[in-house]
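Structure record follows, encoded as structure tokens.
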Amino acid sequence: MNETSNVQRPTLNVESSASVTTSTIKNQKSYIFWRILDFVLAGIFIFAGLSKILDLDRLIADLQQLQFASALADLRNLSLASPAEFASGIDNFKIVPWPISVALAFYLPWLEILCALALVFRFLYRGALAILSASIVVFTLATIAAKVRGLDITCGCFGHASQHWSFPAHLATNLAILTGLVVLWFGAAARERRAD
Amino acid sequence: MKFLLARQAAVVAALALLPAAGEAIYFRDKISWRSAIAPSEMVTVEHAREWGDTAIWVDARPDDEFANDHVPGAISLNEDRWNELLPQFLAVWAPGKKIIVYCSSLSCNASREVARRLRKEAQLSDVFVLEGGWEAWLKKNR
């Protein structure tokens, strides 16, 4: 009996170590997945914020035409975008008065960028997720309300790149981003459960 | 947990105020907090009429509204057919001429957007938006 028991012990250890290794690989894969999703969504919001703060029109046009040398030159000559343009975009929704549109035009791009950085560095993570989710929901509802009221809105969500998007394109983009944020919520909740 | 979430959101929201305030100070002279269009970029119907032949009228409304009626001599230039109509407008435009853009009323945005694109994309100066748009013009010309 003792012999059998002695023989079985190393087998159990091997099994247990194999199961630990499998679990570690699973955890690593899961970690990589969540980090990729964090970075993708953060990238979207950083681009959205920067396209309102900086004049990226030429850079985007050159990148679309795959003219990388010109794009590099554009990068060196980047200038600040006029906040009046984004303020006009907000004003087009006819929800808030002009002074509030101006204040939001100054504030929202920085909020998007800071929330995105919070996702990247996982600092104030859930707070940033809450703000981004709420802002996407509000923006989607405002877009639908504008459509129902027959307003011809020009979306300033990604600067001029998104200016001529159709209504379904607006909605699809918002819903895709919102889905990504919801998935991140689940990820954050799962991590907390594991930590507990 | 809810308290933590609210506190984190409040911290992020407060942090964003700092660069936003800096940007607002930087642009303090370049954006009007009172009106969407800077007063220097607007023109009244009376003032526009005084310019006579030195001004070109641009109708930023959709094609059907332009076809229905428009300011005499106005050229249609709307965002729906921007690429098609811009060359026609540029053929009529001459250096030194003032450009008066109008849309349907005080609350429409088309004139503001067309004026912005004329300044930025066509690199034209002396572009003005008609205060009150087509409705204001109709009232003064009935």
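Here's how to read the names in the structure tokens: chain A, B, ... by the order shown, residue numbers from 1 in each chain, ligand numbers from 1 in the order shown.
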
Inset, instruction - Taking the DSSP assignment computed from this structure's backbone, write out as a ChimeraX atom specification all residues of range 34-194 of chain A that belong to strand (DSSP E or B). - result: /A:54,80,157-160

Inset, instruction - Return the neighbours of chain B among the residues of chain A, cut-off 6 Å, counting only C-alpha atoms, as a VMD selection string. - result: chain A and resid 99 106 to 107 110 to 111 124 127 to 128

I need the chosen residues saved as an mmCIF file, in the first residue's frame, with N, CA and C atoms.
```cif
data_model
loop_
_atom_site.group_PDB
_atom_site.id
_atom_site.type_symbol
_atom_site.label_atom_id
_atom_site.label_comp_id
_atom_site.auth_asym_id
_atom_site.auth_seq_id
_atom_site.Cartn_x
_atom_site.Cartn_y
_atom_site.Cartn_z
ATOM 1 N N PRO A 99 -23.485 78.766 -25.500
ATOM 2 C CA PRO A 99 -22.369 78.823 -24.523
ATOM 3 C C PRO A 99 -22.023 77.447 -23.937
ATOM 4 N N PHE A 106 -14.701 72.466 -25.492
ATOM 5 C CA PHE A 106 -13.396 72.510 -24.833
ATOM 6 C C PHE A 106 -13.190 71.288 -23.937
ATOM 7 N N TYR A 107 -14.270 70.840 -23.310
ATOM 8 C CA TYR A 107 -14.152 69.834 -22.251
ATOM 9 C C TYR A 107 -14.157 68.386 -22.751
ATOM 10 N N TRP A 110 -10.914 66.395 -24.042
ATOM 11 C CA TRP A 110 -9.962 66.061 -22.979
ATOM 12 C C TRP A 110 -10.503 64.952 -22.097
ATOM 13 N N LEU A 111 -11.821 64.971 -21.886
ATOM 14 C CA LEU A 111 -12.437 63.912 -21.079
ATOM 15 C C LEU A 111 -12.265 62.561 -21.772
ATOM 16 N N LEU A 124 -8.123 54.400 -12.137
ATOM 17 C CA LEU A 124 -9.482 54.971 -12.132
ATOM 18 C C LEU A 124 -10.315 54.309 -13.240
ATOM 19 N N GLY A 127 -14.271 54.159 -13.154
ATOM 20 C CA GLY A 127 -14.806 55.521 -13.295
ATOM 21 C C GLY A 127 -14.763 55.964 -14.749
ATOM 22 N N ALA A 128 -13.628 55.679 -15.399
ATOM 23 C CA ALA A 128 -13.479 56.047 -16.808
ATOM 24 C C ALA A 128 -14.470 55.269 -17.672
#
```

Legend entry - Atomic separation - CA of Ala115 in chain B relative to CA of Asp63 in chain B, Å: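 One can read the CA of Asp63 in chain B to CA of Ala115 in chain B distance as 17.3 Å.
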
Inset, instruction - Name all residues at most 12 Å from Arg191 in chain A (count only C-alpha atoms; drop same-chain ones fewer than 3 positions away) and give them as an NGL selection string. - result: :A and (27 or 30-31 or 34 or 126 or 184-188 or 194-196)

Inset, instruction - Among the residues of range 37-114 of chain B, find those DSSP assigns to helix (DSSP H, G or I) from the backbone and print them as a PyMOL selection string. - result: chain B and resi 39-41+45-54+63-68+82-92+110-114

Legend entry - For CA of Ile95 in chain A and CA of Ala134 in chain A, the interatomic separation in Å (one decimal): 16.8 Å
